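See structure below.
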Amino acid sequence: MSTTQLPNIASLRPNFIWGVSTSSFQIEGATQEDGRGPSVWDVYCQRGEIKNHDTGDVACDHYHRYREDVGLMKTLGVQAYRFSIAWPRVLPLGCGSANEAGLSFYDRLVDELLAAGIEPWLCLYHWDLPQALEERGGWFNRESTVWFADYTALVAARFGDRVKRFATFNEPSMFSLFNHSLGKRDRGSEAQFHRMIHNVNLAHGAAVDVLRAKVAGASIGCIHNLQPCRPSSSSEADALAAANLNVYWNYAFPDPQCRGEYPSSMRSAIEPYMQPGDLARICRPLDWFGLNHYSPVYVKSRPDSMLGYDFGEKPAGVPLTPIEWPIEPEAFRETLQLVHARYGLPIYVLENGYGSFEQPDQTGAVIDSGRIDMLRAYIGAMNSAAASGVDVRGYFVWSLLDNFEWDSGYSVRFGLTYVDYASLRRIPKSSFRWYADLIRASHP
Ligand code: IFM
């Protein structure tokens with residue numbers, strides 16, 4: 001297929017929002033500048049756990065190059081930009097005294113965006129918990145609800161005059177499943193895992209209340225990463241493992257937040273941490289549902305692991321991205337339909353993208369036709385979902401820039417823009433031009 005061909009977007013709303021997403025730790029760098037405190041991710045990196053011993057110390061140097069990055073967004077023509085605030089940059093110890101220099105950085109960023117006509121979408125938490133709070137128990141401590149509410153109040157008071165779109169958390173199921181409980185870091189007990197899920201849900205509800213009280217006209221949601229968990233074989237054990245993981249990955253956070261109940265299979269495990277009134281504290285009215293989606297996950301049974309699962313073989317014949325994530329646009333359409341039916345909120349797709357390893361060719365150009373093919377197919381699937389009645393109002397590509405891809409460090413590239421980490425030069429890839437053409441076609 002030609003790299004210039006655009007998807008059918010005829011069923012999307014006329015004022016559909018096109019955007020790009022990033023997160024603080026993955027792009028900012030300047031981890032030790034202007035009074036920023038350490039985050040849990042600085043500590044993981046120092047432990048040498050990341051591929052090639054990469055760290056977030058420089059990342060894309062967005063802290064110093066944010067003007068250039070907003071310029072890239074302006075060239076793209078996006079209507080919106082989702083970014084996150086690094087909690088330890090504005091509250092180096094997680095609570096207590098605010099760091100004026102850190103707040104000023106986000107002032108400059110927000111003002112630059114507004115001057116460029118790009119709406120800032122501010123996410124409060126994309127995994128970089130202040131290390132000082134981790135040392136007080138982090139999300140395992142129910143007091144985290146108060147820490148998060150106080151941090152939210154600071155952000156709301158400072159930016160609420162100019163920012164109206166707020167997300168409480170990005171992918172709570174990911175940082176609870178993989179950073180703390182099932183991954184190699186801080187492997188906790190199953191009991192701690194359930195305690196953490198409940199505390200994060202309480203923190204979400206508390207933050208919604210703070211934002212409603214402090215920001216006139218706030219439009220609030222939470223961002224969930226829904227990837228259907230499917231068995232990797234026809235065995236009953238794998239079917240059970242997939243169904244169990246599906247509950248934790250996909251429903252443990254949106255169900256209590258949007259429906260006021262935990263999935264039935266996990267209620268007894270949450271019960272010890274439940275206090276009277278908690279479900280009402282968690283389930284606060286929301287304006288939208290933030291959906292991140294990449295691909296289905298194939299699961300096999302592994303009885304000796306927490307939650308009893310492991311990742312299994314992907315079905316033969318399914319196309320894969322270079323980092324071996326299945327390319328299944330139909331699963332995206334089905335996920336949009338499921339979210340619409342189950343939660344009934346307007347949906348913004350706040351992440352979708354393609355991880356790869358591309359490099360500039362001999363002419364210096366970065367040709368990423370695989371990414372274009374995938375985005376075209378997924379945006380086409382979103383259009384089909386809209387045609388079937390799903391209320392989807394925006395789509396944000398992950399990501400504006402290549403960036404720090406967690407355990408994979410800088411080896412995996414998700415950007416529409418290539419970053420040469422030696423010089424920090426930005427090179428728009430062919431997908432960048434394709435996305436700009438799509439946005440222009442959608443909003444002539
Ligand atoms: O880079 C991540 C992002 O931080 C959260 N969602 C998935 C992306 C790609 O793995």
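All residue names refer to the structure tokens as shown: chains lettered A, B, ... in order, residues numbered from 1 in each chain, ligands numbered from 1 in order.
Contacts with ligand 1 are defined as any residue atom within 8 Å of a ligand atom, using only C-alpha atoms and all ligand atoms; the residues meeting this criterion are Thr22, Ser23, Gln26, His126, Asn170, Glu171, Asn225, Asn292, Tyr294, Glu351, Asn352, Gly353, Gly355, Trp398, Ser399, Asn403, Phe404, Glu405, Trp406 and Phe414 of chain A.
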Would you list the contacts of Arg259 in chain A as a ChimeraX atom specification, taking every protein, DNA or RNA residue within 9 Å and counting only C-alpha atoms, but skipping same-chain residues closer than 6 positions in sequence?
/A:283,342-343
For Asp238 in chain A, list every protein, DNA or RNA residue within 12 Å, evaluated using only C-alpha atoms, and leave out those in the same chain fewer than 3 positions away; present the list as a ChimeraX atom specification.
/A:229-235,241-246,298-303,308-313
Selected residues, C-alpha atoms, written as a PDB file, in the first residue's frame, please.
```
ATOM      1  CA  CYS A 229      -6.042 -11.108  27.324  1.00  0.00           C
ATOM      2  CA  ARG A 230      -6.508 -14.257  25.237  1.00  0.00           C
ATOM      3  CA  PRO A 231      -5.403 -17.844  25.883  1.00  0.00           C
ATOM      4  CA  SER A 232      -2.373 -18.932  23.862  1.00  0.00           C
ATOM      5  CA  SER A 233      -3.710 -22.491  23.452  1.00  0.00           C
ATOM      6  CA  SER A 234      -7.011 -24.344  23.597  1.00  0.00           C
ATOM      7  CA  SER A 235      -6.212 -25.780  27.060  1.00  0.00           C
ATOM      8  CA  ALA A 241      -5.192 -17.912  33.277  1.00  0.00           C
ATOM      9  CA  ALA A 242      -6.178 -15.527  30.473  1.00  0.00           C
ATOM     10  CA  ALA A 243      -9.579 -14.828  32.015  1.00  0.00           C
ATOM     11  CA  ASN A 244      -7.977 -14.096  35.385  1.00  0.00           C
ATOM     12  CA  LEU A 245      -5.326 -11.766  33.967  1.00  0.00           C
ATOM     13  CA  ASN A 246      -8.022 -10.059  31.884  1.00  0.00           C
ATOM     14  CA  TYR A 298      -1.622 -14.017  24.659  1.00  0.00           C
ATOM     15  CA  VAL A 299      -1.468 -15.821  27.962  1.00  0.00           C
ATOM     16  CA  LYS A 300      -0.534 -19.266  29.259  1.00  0.00           C
ATOM     17  CA  SER A 301      -0.995 -20.784  32.673  1.00  0.00           C
ATOM     18  CA  ARG A 302       1.904 -20.703  35.123  1.00  0.00           C
ATOM     19  CA  PRO A 303       0.581 -21.850  38.472  1.00  0.00           C
ATOM     20  CA  GLY A 308      -1.035 -17.798  37.770  1.00  0.00           C
ATOM     21  CA  TYR A 309      -0.097 -16.595  34.323  1.00  0.00           C
ATOM     22  CA  ASP A 310       2.799 -16.028  31.938  1.00  0.00           C
ATOM     23  CA  PHE A 311       2.969 -14.678  28.415  1.00  0.00           C
ATOM     24  CA  GLY A 312       2.432 -17.396  25.800  1.00  0.00           C
ATOM     25  CA  GLU A 313       2.932 -17.876  22.079  1.00  0.00           C
TER      26      GLU A 313
END
```
Strand (DSSP E or B) per DSSP on the backbone: members of range 43-167 of chain A, as a list of chain:residue names:
A:Ala80, A:Tyr81, A:Arg82, A:Phe83, A:Ser84, A:Glu119, A:Pro120, A:Trp121, A:Leu122, A:Cys123, A:Leu124, A:Tyr125, A:Pro130, A:Arg165, A:Phe166, A:Ala167
Restricted to C-alpha atoms, what would the selected residues look like written as a PDB file, in the first residue's frame?
```pdb
ATOM      1  CA  ALA A  80      -3.990  18.594  21.655  1.00  0.00           C
ATOM      2  CA  TYR A  81      -0.932  17.356  23.521  1.00  0.00           C
ATOM      3  CA  ARG A  82      -1.005  14.943  26.436  1.00  0.00           C
ATOM      4  CA  PHE A  83       1.942  15.216  28.800  1.00  0.00           C
ATOM      5  CA  SER A  84       2.485  14.355  32.441  1.00  0.00           C
ATOM      6  CA  GLU A 119      -4.717  22.285  24.059  1.00  0.00           C
ATOM      7  CA  PRO A 120      -2.704  20.898  26.997  1.00  0.00           C
ATOM      8  CA  TRP A 121      -3.999  17.588  28.411  1.00  0.00           C
ATOM      9  CA  LEU A 122      -2.334  17.181  31.781  1.00  0.00           C
ATOM     10  CA  CYS A 123      -1.847  13.749  33.297  1.00  0.00           C
ATOM     11  CA  LEU A 124      -1.012  13.809  36.988  1.00  0.00           C
ATOM     12  CA  TYR A 125       0.740  10.468  37.214  1.00  0.00           C
ATOM     13  CA  PRO A 130       8.721  10.540  44.315  1.00  0.00           C
ATOM     14  CA  ARG A 165      -8.266  18.635  30.645  1.00  0.00           C
ATOM     15  CA  PHE A 166      -6.946  16.464  33.448  1.00  0.00           C
ATOM     16  CA  ALA A 167      -6.214  12.753  33.696  1.00  0.00           C
TER      17      ALA A 167
END
```
Need the shell around Ala86 in chain A: protein/DNA/RNA residues with any atom at most 7 Å away, counting only C-alpha atoms. Skip same-chain ones fewer than 4 positions apart. Format as a PyMOL selection string?
chain A and resi 24-25+90+128
Just C-alpha atoms for this one: save the residues we selected as a PDB file, in the first residue's frame.
```pdb
ATOM      1  CA  SER A  24       7.609  13.258  31.933  1.00  0.00           C
ATOM      2  CA  PHE A  25      10.185  10.601  32.800  1.00  0.00           C
ATOM      3  CA  VAL A  90       7.127  20.040  41.656  1.00  0.00           C
ATOM      4  CA  ASP A 128       7.400   8.577  38.385  1.00  0.00           C
TER       5      ASP A 128
END
```
So which bits of range 177-419 of chain A end up helix (DSSP H, G or I) when you DSSP the backbone, as a PyMOL selection string?
chain A and resi 177-181+190-214+236-251+254-259+264-273+278-282+306-308+329-343+369-387+406-408
Could you pull the residues within 12 Å of Lys214 in chain A, counting only C-alpha atoms, minus those fewer than 3 positions along the same chain, as a list of chain:residue names?
A:Ala149, A:Asp150, A:Thr152, A:Ala153, A:Leu154, A:Val155, A:Ala156, A:Ala157, A:Arg158, A:Phe159, A:Gly160, A:Asp161, A:Val163, A:Lys164, A:Ala207, A:Val208, A:Asp209, A:Val210, A:Leu211, A:Gly217, A:Ala218
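Computed from the coordinates, the CA of Tyr262 in chain A to CA of Arg393 in chain A distance equals 26.9 Å.
Nearest residue to Trp249 in chain A among A:Met174, A:Val318, A:Met274, A:Val200 is A:Met174, counting only C-alpha atoms.
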Restricting the calculation to only C-alpha atoms: of A:Met382, A:Ala331, A:Ala239, A:Ile85, which residue gets closest to Leu12 in chain A?
A:Met382
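In this comparison, which uses only C-alpha atoms, the residue of A:Val297, A:Arg47, A:Leu109, A:Val247 approaching Asp69 in chain A most closely is A:Leu109.
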For Ser11 in chain A, work out the shell of residues within 7 Å, counting only C-alpha atoms and skipping chain neighbours fewer than 5 positions away, then give it as a PyMOL selection string.
chain A and resi 383+386-387
Would you write out those residues with N, CA, C and O atoms, as a tab-separated table (two decimals), in the first residue's frame?
```tsv
chain	number	residue	atom	x	y	z
A	383	ASN	N	-12.57	4.18	13.01
A	383	ASN	CA	-13.66	4.73	12.21
A	383	ASN	C	-14.84	3.74	12.14
A	383	ASN	O	-16.00	4.12	12.25
A	386	ALA	N	-16.68	3.92	15.32
A	386	ALA	CA	-17.54	5.12	15.35
A	386	ALA	C	-18.79	4.88	14.49
A	386	ALA	O	-19.90	5.25	14.89
A	387	ALA	N	-18.60	4.22	13.35
A	387	ALA	CA	-19.75	3.95	12.46
A	387	ALA	C	-20.77	3.05	13.16
A	387	ALA	O	-21.97	3.13	12.89
```
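The closest residue to Gly56 in chain A, picked from A:Asp407, A:Glu271, A:Glu134, A:Asp34 and counting only C-alpha atoms, is A:Asp407.
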Distance in Å - CA of Ala191 in chain A versus CA of Gly260 in chain A:
21.4 Å
